[in-house]
>>> print(open('entry.csv').read())   # CSV, C-alpha atoms
chain,number,residue,atom,x,y,z
A,823,THR,CA,31.0,-14.4,-37.2
A,824,LEU,CA,30.0,-17.5,-35.3
A,825,THR,CA,31.2,-17.9,-31.7
A,826,THR,CA,30.5,-20.8,-29.3
A,827,LEU,CA,31.3,-21.0,-25.6
A,828,GLU,CA,31.0,-24.2,-23.7
A,829,THR,CA,31.4,-25.2,-20.1
A,830,PRO,CA,30.3,-28.3,-18.2
A,831,ASN,CA,27.1,-26.3,-17.1
A,832,ALA,CA,26.5,-23.9,-20.0
A,833,ASN,CA,26.5,-23.6,-23.7
A,834,LEU,CA,26.3,-20.3,-25.6
A,835,THR,CA,26.3,-19.8,-29.4
A,836,GLY,CA,26.3,-16.4,-31.0
A,837,ARG,CA,26.2,-15.3,-34.7
A,838,VAL,CA,26.8,-11.7,-35.6
A,839,LEU,CA,26.8,-10.0,-39.0
A,840,LEU,CA,27.9,-6.3,-39.0
A,841,LYS,CA,26.6,-4.5,-42.1
A,842,SER,CA,25.6,-0.8,-42.3
A,843,GLY,CA,21.8,-0.7,-42.3
A,844,GLY,CA,21.5,-4.5,-42.2
A,845,SER,CA,23.3,-6.0,-39.2
A,846,THR,CA,21.9,-9.2,-37.6
A,847,LEU,CA,22.5,-11.0,-34.3
A,848,ALA,CA,21.4,-14.4,-33.1
A,849,LEU,CA,22.0,-16.0,-29.7
A,850,ASN,CA,21.2,-19.4,-28.3
A,851,GLY,CA,22.1,-20.4,-24.8
A,852,ARG,CA,21.5,-23.2,-22.4
A,853,LEU,CA,22.3,-23.5,-18.7
A,854,ALA,CA,22.2,-27.1,-17.7
A,855,ASP,CA,21.1,-26.6,-14.1
A,856,ALA,CA,18.8,-23.6,-13.2
A,857,ALA,CA,19.6,-24.2,-9.5
A,858,LEU,CA,22.9,-22.4,-10.1
A,859,LEU,CA,20.8,-19.2,-10.4
A,860,LEU,CA,17.5,-20.1,-8.7
A,861,PRO,CA,18.0,-22.8,-5.9
A,862,GLN,CA,14.3,-23.8,-5.9
A,863,VAL,CA,14.4,-24.6,-9.7
A,864,SER,CA,15.5,-27.8,-11.3
A,865,GLY,CA,16.3,-28.5,-14.9
A,866,PRO,CA,17.8,-26.4,-17.6
A,867,ILE,CA,17.3,-22.8,-18.7
A,868,GLN,CA,17.0,-22.1,-22.4
A,869,LEU,CA,17.6,-18.7,-24.1
A,870,THR,CA,17.0,-17.7,-27.7
A,871,ALA,CA,17.3,-14.2,-29.0
A,872,GLU,CA,17.5,-12.5,-32.4
A,873,ALA,CA,17.9,-8.9,-33.6
A,874,GLN,CA,18.0,-7.3,-37.1
A,875,GLU,CA,18.8,-3.8,-38.2
A,876,ASP,CA,16.9,-2.1,-41.1
A,877,ALA,CA,18.0,0.7,-43.4
A,878,SER,CA,16.8,3.4,-40.9
A,879,ARG,CA,19.0,1.9,-38.2
A,880,LEU,CA,16.0,0.6,-36.3
A,881,TRP,CA,16.5,-2.8,-34.7
A,882,THR,CA,13.7,-5.3,-34.3
A,883,TRP,CA,14.3,-8.1,-31.8
A,884,ASN,CA,12.7,-11.1,-30.1
A,885,ALA,CA,13.7,-13.2,-27.2
A,886,GLN,CA,12.5,-16.3,-25.4
A,887,VAL,CA,13.5,-17.7,-22.0
A,888,ALA,CA,12.2,-21.0,-20.8
A,889,MET,CA,12.7,-23.1,-17.7
A,890,ASP,CA,10.7,-25.5,-15.5
A,891,ARG,CA,7.3,-23.9,-14.8
A,892,THR,CA,8.3,-20.4,-16.2
A,893,ARG,CA,8.4,-18.9,-19.7
A,894,LEU,CA,9.1,-15.4,-21.1
A,895,ASP,CA,8.3,-14.4,-24.7
A,896,ALA,CA,9.1,-10.9,-25.9
A,897,THR,CA,9.4,-8.8,-29.1
A,898,GLY,CA,10.3,-5.2,-29.6
A,899,THR,CA,12.4,-2.5,-31.2
A,900,ALA,CA,15.5,-0.6,-30.3
A,901,ARG,CA,16.8,2.7,-31.9
A,902,ASP,CA,19.7,5.0,-31.4
A,903,VAL,CA,21.6,2.0,-30.0
A,904,PHE,CA,25.0,3.6,-30.3
A,905,THR,CA,24.0,6.9,-28.7
A,906,LEU,CA,21.2,6.9,-26.2
A,907,PRO,CA,19.2,3.7,-26.8
A,908,ILE,CA,15.4,3.7,-26.7
A,909,ILE,CA,14.1,0.2,-26.2
A,910,ALA,CA,10.4,-0.8,-26.7
A,911,GLY,CA,8.9,-4.2,-26.1
A,912,ASN,CA,5.9,-6.4,-25.5
A,913,GLY,CA,5.3,-10.0,-24.6
A,914,ARG,CA,4.0,-12.4,-22.0
A,915,LEU,CA,5.4,-13.9,-18.8
A,916,GLU,CA,4.0,-17.1,-17.3
A,917,ALA,CA,5.3,-18.3,-13.9
A,918,GLU,CA,3.4,-21.3,-12.6
A,919,ARG,CA,5.3,-21.4,-9.3
A,920,LEU,CA,6.3,-18.1,-7.8
A,921,ALA,CA,8.0,-19.9,-4.9
A,922,ASP,CA,10.9,-20.5,-7.4
A,923,PHE,CA,11.7,-16.8,-7.1
A,924,ALA,CA,11.4,-16.5,-3.3
A,925,GLU,CA,15.1,-16.4,-2.7
A,926,LEU,CA,15.7,-13.9,-5.5
A,927,ALA,CA,12.9,-11.7,-4.0
A,928,GLY,CA,14.2,-12.1,-0.5
A,929,ARG,CA,10.8,-13.0,0.9
A,930,PRO,CA,8.3,-15.9,0.8
A,931,LEU,CA,6.4,-16.2,-2.4
A,932,GLU,CA,3.6,-18.6,-3.5
A,933,GLY,CA,1.1,-18.9,-6.2
A,934,ALA,CA,1.2,-18.3,-10.0
A,935,ILE,CA,1.1,-15.3,-12.4
A,936,ALA,CA,0.5,-14.9,-16.1
A,937,THR,CA,0.7,-11.4,-17.5
A,938,ASN,CA,1.0,-9.6,-20.8
A,939,PHE,CA,3.4,-6.6,-20.8
A,940,SER,CA,4.4,-3.7,-23.0
A,941,GLY,CA,6.6,-0.8,-22.4
A,942,GLU,CA,9.3,1.6,-23.5
A,943,MET,CA,12.4,3.1,-21.8
A,944,VAL,CA,15.4,5.3,-22.5
A,945,SER,CA,18.6,3.6,-21.4
A,946,ASP,CA,19.4,6.4,-18.9
A,947,LEU,CA,15.9,6.0,-17.3
A,948,SER,CA,15.0,9.6,-18.0
A,949,ARG,CA,11.7,8.3,-19.5
A,950,ALA,CA,9.9,5.0,-19.2
A,951,ALA,CA,6.5,3.4,-19.5
A,952,LEU,CA,5.2,0.0,-18.4
A,953,LYS,CA,1.8,-1.7,-18.7
A,954,LEU,CA,1.0,-5.1,-17.1
A,955,SER,CA,-2.3,-6.9,-17.7
A,956,GLY,CA,-2.8,-10.4,-16.4
A,957,THR,CA,-3.9,-12.7,-13.6
A,958,GLY,CA,-2.4,-13.9,-10.4
A,959,THR,CA,-3.6,-17.1,-8.7
A,960,ASP,CA,-3.4,-17.5,-5.0
A,961,VAL,CA,-0.5,-15.1,-4.8
A,962,LYS,CA,1.1,-14.9,-1.3
A,963,SER,CA,4.0,-12.7,-0.2
A,964,GLY,CA,4.1,-13.3,3.5
A,965,ILE,CA,1.9,-10.3,4.4
A,966,GLY,CA,-1.1,-11.8,6.1
A,967,GLN,CA,-3.8,-9.3,5.2
A,968,ALA,CA,-2.6,-9.0,1.6
A,969,ASP,CA,-2.4,-12.7,1.2
A,970,ALA,CA,-6.0,-13.1,2.4
A,971,LEU,CA,-7.2,-10.6,-0.1
A,972,LEU,CA,-5.3,-12.1,-3.1
A,973,GLU,CA,-6.8,-15.6,-2.8
A,974,GLY,CA,-8.2,-17.1,-6.0
A,975,ASN,CA,-7.8,-15.6,-9.5
A,976,VAL,CA,-7.1,-11.9,-9.3
A,977,ALA,CA,-7.0,-9.9,-12.5
A,978,PHE,CA,-4.8,-6.8,-12.7
A,979,ASP,CA,-4.2,-3.9,-15.1
A,980,ILE,CA,-1.4,-1.7,-14.0
A,981,ARG,CA,0.0,1.3,-16.0
A,982,LEU,CA,3.1,3.2,-14.9
A,983,ALA,CA,5.1,6.0,-16.5
A,984,LYS,CA,8.1,8.1,-15.7
A,985,SER,CA,9.4,11.3,-17.2
A,986,GLY,CA,12.4,13.0,-15.5
A,987,GLU,CA,11.6,13.1,-11.8
A,988,ALA,CA,7.8,12.7,-12.3
A,989,VAL,CA,6.2,9.2,-11.8
A,990,LEU,CA,2.6,8.6,-13.0
A,991,LEU,CA,0.3,5.8,-12.1
A,992,GLU,CA,-2.5,5.9,-14.7
A,993,GLN,CA,-5.8,4.4,-13.7
A,994,SER,CA,-5.0,0.9,-12.6
A,995,THR,CA,-7.2,-1.9,-11.3
A,996,VAL,CA,-7.1,-5.1,-9.3
A,997,GLU,CA,-10.2,-7.3,-9.3
A,998,GLY,CA,-10.6,-10.6,-7.5
A,999,PRO,CA,-13.1,-12.6,-5.4
A,1000,GLN,CA,-12.0,-10.8,-2.2
A,1001,VAL,CA,-11.0,-7.3,-3.3
A,1002,SER,CA,-11.7,-4.7,-6.0
A,1003,LEU,CA,-9.3,-1.7,-6.3
A,1004,ILE,CA,-9.0,1.3,-8.5
A,1005,ALA,CA,-5.9,3.6,-8.1
A,1006,GLU,CA,-4.3,6.5,-9.9
A,1007,GLY,CA,-1.8,9.2,-8.9
A,1008,ALA,CA,1.4,11.1,-9.6
A,1009,LEU,CA,4.6,12.0,-7.8
A,1010,ILE,CA,5.4,15.4,-9.4
A,1011,GLY,CA,7.4,17.5,-6.9
A,1012,GLU,CA,4.9,19.6,-4.9
A,1013,GLY,CA,2.0,18.8,-7.2
A,1014,SER,CA,1.7,15.2,-6.3
A,1015,ARG,CA,-1.8,13.5,-6.0
A,1016,PHE,CA,-3.5,10.2,-5.5
A,1017,ASP,CA,-6.9,8.7,-5.6
A,1018,VAL,CA,-7.7,5.2,-4.4
A,1019,SER,CA,-11.1,3.5,-4.0
A,1020,GLY,CA,-12.2,-0.1,-3.6
A,1021,ARG,CA,-14.2,-2.7,-1.9
A,1022,ILE,CA,-13.2,-5.6,0.3
A,1023,THR,CA,-15.7,-8.5,0.0
A,1024,ASN,CA,-15.4,-9.6,3.7
A,1025,ALA,CA,-14.0,-7.2,6.3
A,1026,SER,CA,-13.1,-10.0,8.6
A,1027,ARG,CA,-10.2,-10.9,6.2
A,1028,LEU,CA,-8.7,-7.5,7.0
A,1029,LEU,CA,-9.4,-7.2,10.7
A,1030,THR,CA,-9.6,-10.3,12.9
A,1031,GLY,CA,-12.9,-10.5,14.7
A,1032,ALA,CA,-14.7,-8.1,12.3
A,1033,PRO,CA,-18.3,-9.1,11.4
A,1034,GLN,CA,-19.0,-10.6,8.0
A,1035,GLY,CA,-19.8,-8.0,5.3
A,1036,ALA,CA,-18.3,-5.8,2.7
A,1037,LEU,CA,-16.0,-2.8,3.4
A,1038,SER,CA,-15.9,0.0,0.8
A,1039,PHE,CA,-13.5,2.9,0.9
A,1040,ASP,CA,-12.5,6.0,-1.1
A,1041,THR,CA,-9.5,8.2,-0.4
A,1042,SER,CA,-7.8,11.0,-2.3
A,1043,GLY,CA,-5.1,13.6,-1.7
A,1044,LYS,CA,-3.3,16.5,-3.4
A,1045,GLN,CA,0.0,18.0,-2.3
A,1046,ASP,CA,0.0,21.7,-1.3
A,1047,GLY,CA,3.6,22.7,-0.6
A,1048,ARG,CA,4.7,20.5,2.3
A,1049,ASP,CA,1.2,19.6,3.2
A,1050,TRP,CA,-1.5,17.4,1.7
A,1051,LEU,CA,-5.2,18.1,1.3
A,1052,VAL,CA,-6.9,14.7,1.9
A,1053,ALA,CA,-10.4,13.2,2.1
A,1054,ALA,CA,-11.3,9.7,3.1
A,1055,THR,CA,-14.5,7.7,3.6
A,1056,ALA,CA,-15.0,4.1,4.6
A,1057,ASN,CA,-18.2,2.1,5.3
A,1058,GLY,CA,-18.4,-1.5,6.4
A,1059,PRO,CA,-20.3,-3.7,8.8
A,1060,ASP,CA,-20.6,-1.6,12.1
A,1061,VAL,CA,-17.8,0.7,11.0
A,1062,ALA,CA,-17.9,4.1,9.3
A,1063,LEU,CA,-15.3,6.9,8.8
A,1064,ASP,CA,-15.4,10.3,7.1
A,1065,LEU,CA,-12.3,12.4,7.2
A,1066,GLU,CA,-11.4,15.7,5.5
A,1067,GLY,CA,-8.6,18.0,6.2
A,1068,ASN,CA,-5.0,18.9,5.7
A,1069,VAL,CA,-2.2,16.5,6.6
A,1070,LEU,CA,0.6,18.7,7.8
A,1071,ASP,CA,4.2,18.1,6.8
A,1072,PRO,CA,4.0,14.3,6.6
A,1073,VAL,CA,7.8,13.8,6.2
A,1074,GLY,CA,8.7,16.4,8.9
A,1075,ALA,CA,6.5,16.9,12.0
A,1076,PRO,CA,3.3,15.2,10.8
A,1077,GLY,CA,-0.1,16.3,12.0
A,1078,LEU,CA,-3.7,16.8,10.9
A,1079,ASP,CA,-6.0,19.9,10.6
A,1080,GLY,CA,-9.5,18.9,9.7
A,1081,THR,CA,-12.7,17.1,10.8
A,1082,VAL,CA,-13.3,13.4,11.5
A,1083,THR,CA,-16.5,11.6,12.0
A,1084,ALA,CA,-16.3,7.9,12.9
A,1085,SER,CA,-18.4,5.2,14.4
A,1086,ALA,CA,-17.9,1.6,15.4
A,1087,GLY,CA,-20.6,-0.8,16.5
A,1088,ASP,CA,-18.2,-3.2,18.1
A,1089,LEU,CA,-14.7,-2.1,19.2
A,1090,THR,CA,-13.6,-5.7,19.6
A,1091,ILE,CA,-12.3,-5.7,16.1
A,1092,PHE,CA,-9.7,-3.2,17.1
A,1093,SER,CA,-8.3,-5.2,20.0
A,1094,ASP,CA,-5.3,-6.4,18.1
A,1095,LEU,CA,-4.4,-2.8,17.0
A,1096,ALA,CA,-4.9,-1.6,20.6
A,1097,SER,CA,-2.9,-4.5,22.0
A,1098,ARG,CA,-5.5,-5.0,24.7
A,1099,PRO,CA,-9.1,-6.3,24.9
A,1100,ILE,CA,-11.6,-3.5,24.1
A,1101,SER,CA,-15.3,-3.7,23.3
A,1102,GLY,CA,-18.4,-1.6,23.1
A,1103,GLN,CA,-20.0,0.9,20.7
A,1104,VAL,CA,-18.8,4.4,20.0
A,1105,ASN,CA,-19.6,7.4,17.8
A,1106,LEU,CA,-17.1,10.3,17.5
A,1107,THR,CA,-17.0,13.7,15.9
A,1108,ALA,CA,-13.9,15.9,16.1
A,1109,GLU,CA,-12.4,18.9,14.5
A,1110,GLY,CA,-9.3,21.0,15.0
A,1111,SER,CA,-5.6,20.4,14.6
A,1112,ALA,CA,-3.0,18.1,16.2
A,1113,LEU,CA,0.5,16.9,15.7
A,1114,ALA,CA,1.0,13.2,15.6
A,1115,ASP,CA,3.1,13.2,18.8
A,1116,LEU,CA,0.4,15.3,20.5
A,1117,SER,CA,3.0,17.9,21.5
A,1118,ALA,CA,0.6,20.5,20.1
A,1119,PHE,CA,-3.2,20.4,19.5
A,1120,ASP,CA,-6.3,22.4,19.4
A,1121,VAL,CA,-9.4,20.2,19.2
A,1122,GLN,CA,-13.1,20.0,19.9
A,1123,ALA,CA,-14.6,16.5,20.1
A,1124,THR,CA,-17.9,14.9,21.1
A,1125,ALA,CA,-18.4,11.2,21.6
A,1126,THR,CA,-21.1,8.8,22.7
A,1127,GLY,CA,-20.8,5.2,23.5
A,1128,GLN,CA,-22.5,2.1,24.9
A,1129,GLY,CA,-21.0,-0.7,27.0
A,1130,LEU,CA,-17.4,0.4,26.7
A,1131,SER,CA,-14.7,-1.8,28.1
A,1132,ILE,CA,-10.9,-1.5,28.0
A,1133,GLY,CA,-10.0,-4.6,30.0
A,1134,MET,CA,-9.5,-2.9,33.4
A,1135,ALA,CA,-12.1,-4.0,35.8
A,1136,GLU,CA,-12.5,-0.7,37.9
A,1137,ILE,CA,-12.6,1.5,34.8
A,1138,ASP,CA,-14.9,-0.9,33.0
A,1139,ARG,CA,-17.4,-0.6,35.8
A,1140,LEU,CA,-17.3,3.2,35.5
A,1141,LEU,CA,-17.8,3.1,31.8
A,1142,ALA,CA,-20.7,0.6,31.9
A,1143,GLY,CA,-23.9,1.5,30.2
A,1144,ALA,CA,-24.4,4.7,28.1
A,1145,LEU,CA,-21.7,7.3,27.9
A,1146,SER,CA,-21.3,10.8,26.5
A,1147,ALA,CA,-18.2,13.0,26.5
A,1148,ASP,CA,-17.1,16.3,25.0
A,1149,ILE,CA,-13.8,18.2,25.2
A,1150,ASP,CA,-12.5,21.5,24.0
A,1151,ALA,CA,-8.8,21.8,24.7
A,1152,LYS,CA,-5.5,22.9,23.3
A,1153,ARG,CA,-1.8,22.2,24.0
A,1154,GLN,CA,1.4,24.0,23.1
A,1155,GLY,CA,4.5,22.4,24.4
A,1156,THR,CA,4.0,21.8,28.2
A,1157,ASP,CA,1.0,24.2,28.5
A,1158,ILE,CA,-2.4,22.6,28.3
A,1159,THR,CA,-5.6,24.6,28.4
A,1160,VAL,CA,-8.9,22.8,29.0
A,1161,ARG,CA,-11.7,25.1,27.9
A,1162,THR,CA,-14.4,22.6,28.7
A,1163,ALA,CA,-14.4,18.8,29.3
A,1164,ASN,CA,-17.2,16.5,30.4
A,1165,LEU,CA,-17.4,12.8,30.8
A,1166,SER,CA,-20.8,11.2,31.7
A,1167,PRO,CA,-21.2,7.5,31.9
A,1168,ASP,CA,-24.2,6.1,33.8
A,1169,LEU,CA,-22.3,5.9,37.2
A,1170,LEU,CA,-20.1,8.9,37.0
A,1171,ASN,CA,-20.1,12.6,35.9
A,1172,VAL,CA,-16.8,14.4,35.6
A,1173,THR,CA,-16.3,18.0,34.5
A,1174,ALA,CA,-13.0,19.9,34.1
A,1175,GLN,CA,-11.9,23.4,33.2
A,1176,GLY,CA,-8.6,25.3,33.5
A,1177,ALA,CA,-5.0,25.1,32.6
A,1178,LEU,CA,-1.8,23.2,33.4
A,1179,GLY,CA,1.8,24.2,32.5
A,1180,ARG,CA,4.7,26.3,33.5
A,1181,GLU,CA,2.6,29.5,33.6
A,1182,ALA,CA,-0.7,28.2,35.0
A,1183,ARG,CA,-1.7,25.3,37.3
A,1184,ALA,CA,-5.3,25.9,37.9
A,1185,LEU,CA,-7.5,23.0,36.8
A,1186,GLN,CA,-11.0,22.8,38.3
A,1187,LEU,CA,-12.2,19.2,38.5
A,1188,GLU,CA,-15.6,18.0,39.7
A,1189,ALA,CA,-16.6,14.4,39.9
A,1190,ARG,CA,-19.8,12.7,41.2
A,1191,LEU,CA,-20.3,9.0,41.6
A,1192,ALA,CA,-24.0,8.0,41.2
A,1193,ASN,CA,-23.8,4.7,43.0
A,1194,VAL,CA,-20.9,3.8,45.3
A,1195,ALA,CA,-22.3,0.3,45.8
A,1196,ALA,CA,-20.6,-0.8,42.6
A,1197,PHE,CA,-17.2,-0.4,44.2
A,1198,VAL,CA,-17.9,-1.2,47.8
A,1199,ASP,CA,-18.7,-4.8,49.1
A,1200,GLY,CA,-21.9,-5.0,51.0
>>> encode(input="entry.csv", output="structure tokens")
Amino acid sequence: TLTTLETPNANLTGRVLLKSGGSTLALNGRLADAALLLPQVSGPIQLTAEAQEDASRLWTWNAQVAMDRTRLDATGTARDVFTLPIIAGNGRLEAERLADFAELAGRPLEGAIATNFSGEMVSDLSRAALKLSGTGTDVKSGIGQADALLEGNVAFDIRLAKSGEAVLLEQSTVEGPQVSLIAEGALIGEGSRFDVSGRITNASRLLTGAPQGALSFDTSGKQDGRDWLVAATANGPDVALDLEGNVLDPVGAPGLDGTVTASAGDLTIFSDLASRPISGQVNLTAEGSALADLSAFDVQATATGQGLSIGMAEIDRLLAGALSADIDAKRQGTDITVRTANLSPDLLNVTAQGALGREARALQLEARLANVAAFVDG
């Protein structure tokens, strides 16, 4: 059977032969103006597809789609097409101008991509697998930090699989001039896990004002009921982080129970995150537990610093020079207990101990200013 459909903007021709164990299908189509579907694209879209059934009822197929600056070639198989189809395929996609798809994606896109792909899926999506292996060139998606890291030719190898409710990311990689990344993980009910490690060639591309130099990181996690056991390390120019603990109920009332060791040689790089000018050097060690909203915590922390500044003149004078601090405190609701607290910059020494709350309001506070001249004219 040969069927042709023509309109002023489109032409579609199909040929179908139905024969048990030997059916065939051929389709050719042309859309005169791609802008009808993709406003940024000019010129026609050409489609060619063929499929053939063998004696075992397995269909083999191939398809090609071509338009200005973009081409898709694919081949594959399909079985059980009249019950629960299982479709497998492989091929190559080349898009020389991702901006053509910006409106379809609903966000700004730039750059180019060329990737081989292979995969298989059941039509009800109960099972699927996808592998992408290719290169992106100067890809941008309107996310500043990501755009900076994806400059140049970036190779990627991504492997995803789904079975029922479980989603698996097999070891996948991203490798470019500015970033190297390895990731794997699984979403499997309460047994989910992840492991991500990598290296950013220049930390200043991630944090404005950061010194030149590489930043490496490694983070992993494993779900335990509603909680996650996590570990993370990061090392870069004047920055280090080591975290290990239990992330509590991240989708409910999130919190952390664990230990953190961190240091920053120049806090200036965090000024944008803090939304105020900050500077100085700090080292911190802390352990204990705390909810994200600080409505409950039980922590012990020690910190040292040098030349700290938070952009408030009077406080900056107090924090000038070397500083040491330690605190051992807890909070439950409105009740706060300070077991010990000490703050000792060069000009000031403050100690505190006691409790505040509905049941107790006895906080002992002692402060000594080493040199009042810094705050009094003359």
>>> atom_distance(input="entry.csv", atom1="atom CA of A:Ile909", atom2="atom CA of A:Gly844")
18.2 Å
>>> atom_distance(input="entry.csv", atom1="atom CA of A:Asp946", atom2="atom CA of A:Glu992")
22.3 Å
>>> closest_atom_pairs(input="entry.csv", of="stretch 989-1100 of chain A", to="stretch 1104-1116 of chain A", cutoff="8 Å", atoms="only C-alpha atoms", output="CSV")
residue,atom,partner,partner_atom,distance
A:Ala1075,CA,A:Leu1113,CA,7.0
A:Pro1076,CA,A:Ala1114,CA,5.7
A:Gly1077,CA,A:Leu1113,CA,3.8
A:Leu1078,CA,A:Ser1111,CA,5.5
A:Asp1079,CA,A:Ser1111,CA,4.1
A:Gly1080,CA,A:Glu1109,CA,5.6
A:Thr1081,CA,A:Glu1109,CA,4.1
A:Val1082,CA,A:Ala1108,CA,5.3
A:Thr1083,CA,A:Thr1107,CA,4.5
A:Ala1084,CA,A:Leu1106,CA,5.2
A:Ser1085,CA,A:Asn1105,CA,4.2
A:Ala1086,CA,A:Val1104,CA,5.5
A:Gly1087,CA,A:Val1104,CA,6.5
A:Asp1088,CA,A:Val1104,CA,7.9
A:Leu1089,CA,A:Val1104,CA,7.7
>>> write_last_selection(input="entry.csv", atoms="C-alpha atoms", output="mmCIF file, in the frame of the given file")
data_model
loop_
_atom_site.group_PDB
_atom_site.id
_atom_site.type_symbol
_atom_site.label_atom_id
_atom_site.label_comp_id
_atom_site.auth_asym_id
_atom_site.auth_seq_id
_atom_site.Cartn_x
_atom_site.Cartn_y
_atom_site.Cartn_z
ATOM 1 C CA ALA A 1075 6.500 16.900 12.000
ATOM 2 C CA PRO A 1076 3.300 15.200 10.800
ATOM 3 C CA GLY A 1077 -0.100 16.300 12.000
ATOM 4 C CA LEU A 1078 -3.700 16.800 10.900
ATOM 5 C CA ASP A 1079 -6.000 19.900 10.600
ATOM 6 C CA GLY A 1080 -9.500 18.900 9.700
ATOM 7 C CA THR A 1081 -12.700 17.100 10.800
ATOM 8 C CA VAL A 1082 -13.300 13.400 11.500
ATOM 9 C CA THR A 1083 -16.500 11.600 12.000
ATOM 10 C CA ALA A 1084 -16.300 7.900 12.900
ATOM 11 C CA SER A 1085 -18.400 5.200 14.400
ATOM 12 C CA ALA A 1086 -17.900 1.600 15.400
ATOM 13 C CA GLY A 1087 -20.600 -0.800 16.500
ATOM 14 C CA ASP A 1088 -18.200 -3.200 18.100
ATOM 15 C CA LEU A 1089 -14.700 -2.100 19.200
#
>>> residues_near_point(input="entry.csv", point="(19.1, -23.6, -12.6)", cutoff="10 Å", atoms="all atoms listed in the file", output="list of chain:residue names")
A:Asn831, A:Leu853, A:Ala854, A:Asp855, A:Ala856, A:Ala857, A:Leu858, A:Leu859, A:Leu860, A:Pro861, A:Gln862, A:Val863, A:Ser864, A:Gly865, A:Pro866, A:Ile867, A:Met889, A:Asp890
>>> write_last_selection(input="entry.csv", atoms="C-alpha atoms", output="mmCIF file, keeping the file's coordinate frame")
data_model
loop_
_atom_site.group_PDB
_atom_site.id
_atom_site.type_symbol
_atom_site.label_atom_id
_atom_site.label_comp_id
_atom_site.auth_asym_id
_atom_site.auth_seq_id
_atom_site.Cartn_x
_atom_site.Cartn_y
_atom_site.Cartn_z
ATOM 1 C CA ASN A 831 27.100 -26.300 -17.100
ATOM 2 C CA LEU A 853 22.300 -23.500 -18.700
ATOM 3 C CA ALA A 854 22.200 -27.100 -17.700
ATOM 4 C CA ASP A 855 21.100 -26.600 -14.100
ATOM 5 C CA ALA A 856 18.800 -23.600 -13.200
ATOM 6 C CA ALA A 857 19.600 -24.200 -9.500
ATOM 7 C CA LEU A 858 22.900 -22.400 -10.100
ATOM 8 C CA LEU A 859 20.800 -19.200 -10.400
ATOM 9 C CA LEU A 860 17.500 -20.100 -8.700
ATOM 10 C CA PRO A 861 18.000 -22.800 -5.900
ATOM 11 C CA GLN A 862 14.300 -23.800 -5.900
ATOM 12 C CA VAL A 863 14.400 -24.600 -9.700
ATOM 13 C CA SER A 864 15.500 -27.800 -11.300
ATOM 14 C CA GLY A 865 16.300 -28.500 -14.900
ATOM 15 C CA PRO A 866 17.800 -26.400 -17.600
ATOM 16 C CA ILE A 867 17.300 -22.800 -18.700
ATOM 17 C CA MET A 889 12.700 -23.100 -17.700
ATOM 18 C CA ASP A 890 10.700 -25.500 -15.500
#
>>> atom_distance(input="entry.csv", atom1="atom CA of A:Arg901", atom2="atom CA of A:Arg949")
14.5 Å
>>> residues_around(input="entry.csv", residues="stretch 876-886 of chain A", least_positions_apart="6", cutoff="12 Å", atoms="only C-alpha atoms", output="ChimeraX atom specification")
/A:840-852,867-870,892-905,907-916
>>> closest_residue(input="entry.csv", among="A:Ala968, A:Ala921, A:Ile980, A:Ala1008", to="A:Ser940", atoms="all atoms listed in the file")
A:Ile980
>>> residues_around(input="entry.csv", residues="A:Ser985", least_positions_apart="5", cutoff="9 Å", atoms="only C-alpha atoms", output="JSON, numbers by chain")
{"A": [947, 948, 949, 950, 951, 990]}
>>> closest_residue(input="entry.csv", among="A:Leu1145, A:Leu971, A:Ile1132, A:Leu1165", to="A:Ser1097", atoms="only C-alpha atoms")
A:Ile1132
>>> residues_around(input="entry.csv", residues="A:Gln1128", least_positions_apart="4", cutoff="6 Å", atoms="only C-alpha atoms", output="list of chain:residue names")
A:Gly1102, A:Gln1103, A:Gly1143, A:Ala1144
>>> write_last_selection(input="entry.csv", atoms="C-alpha atoms", output="short mmCIF file (atom, residue, chain, number, x, y, z; two decimals), in the coordinates of the input")
data_model
loop_
_atom_site.label_atom_id
_atom_site.label_comp_id
_atom_site.auth_asym_id
_atom_site.auth_seq_id
_atom_site.Cartn_x
_atom_site.Cartn_y
_atom_site.Cartn_z
CA GLY A 1102 -18.40 -1.60 23.10
CA GLN A 1103 -20.00 0.90 20.70
CA GLY A 1143 -23.90 1.50 30.20
CA ALA A 1144 -24.40 4.70 28.10
#
>>> residues_around(input="entry.csv", residues="A:Asp1138", least_positions_apart="4", cutoff="12 Å", atoms="all atoms listed in the file", output="MDAnalysis selection string")
chainID A and resid 1099:1102 1128:1134 1142:1143 1145 1167:1170 1196:1197
>>> closest_residue(input="entry.csv", among="A:Leu952, A:Val961, A:Ala1036, A:Ala888", to="A:Ser994", atoms="all atoms listed in the file")
A:Leu952
>>> closest_residue(input="entry.csv", among="A:Phe1016, A:Phe1039, A:Phe1092, A:Phe1119", to="A:Asp1064", atoms="all atoms listed in the file")
A:Phe1039
>>> closest_residue(input="entry.csv", among="A:Glu997, A:Glu925, A:Asp1040, A:Asp1120", to="A:Asp1017", atoms="all atoms listed in the file")
A:Asp1040
>>> residues_around(input="entry.csv", residues="A:Leu1185", least_positions_apart="3", cutoff="12 Å", atoms="only C-alpha atoms", output="list in words")
Asp1157, Ile1158, Thr1159, Val1160, Arg1161, Thr1162, Ala1163, Thr1173, Ala1174, Gln1175, Gly1176, Ala1177, Leu1178, Gly1179, Ala1182 and Glu1188 of chain A
>>> closest_residue(input="entry.csv", among="A:Ser963, A:Thr1156, A:Ser1026, A:Thr937", to="A:Asp1060", atoms="only C-alpha atoms")
A:Ser1026
>>> residues_near_point(input="entry.csv", point="(-1.4, 6.6, -3.6)", cutoff="9 Å", atoms="all atoms listed in the file", output="list of chain:residue names")
A:Leu991, A:Ala1005, A:Glu1006, A:Gly1007, A:Ala1008, A:Arg1015, A:Phe1016, A:Asp1017, A:Val1018, A:Thr1041, A:Ser1042, A:Gly1043
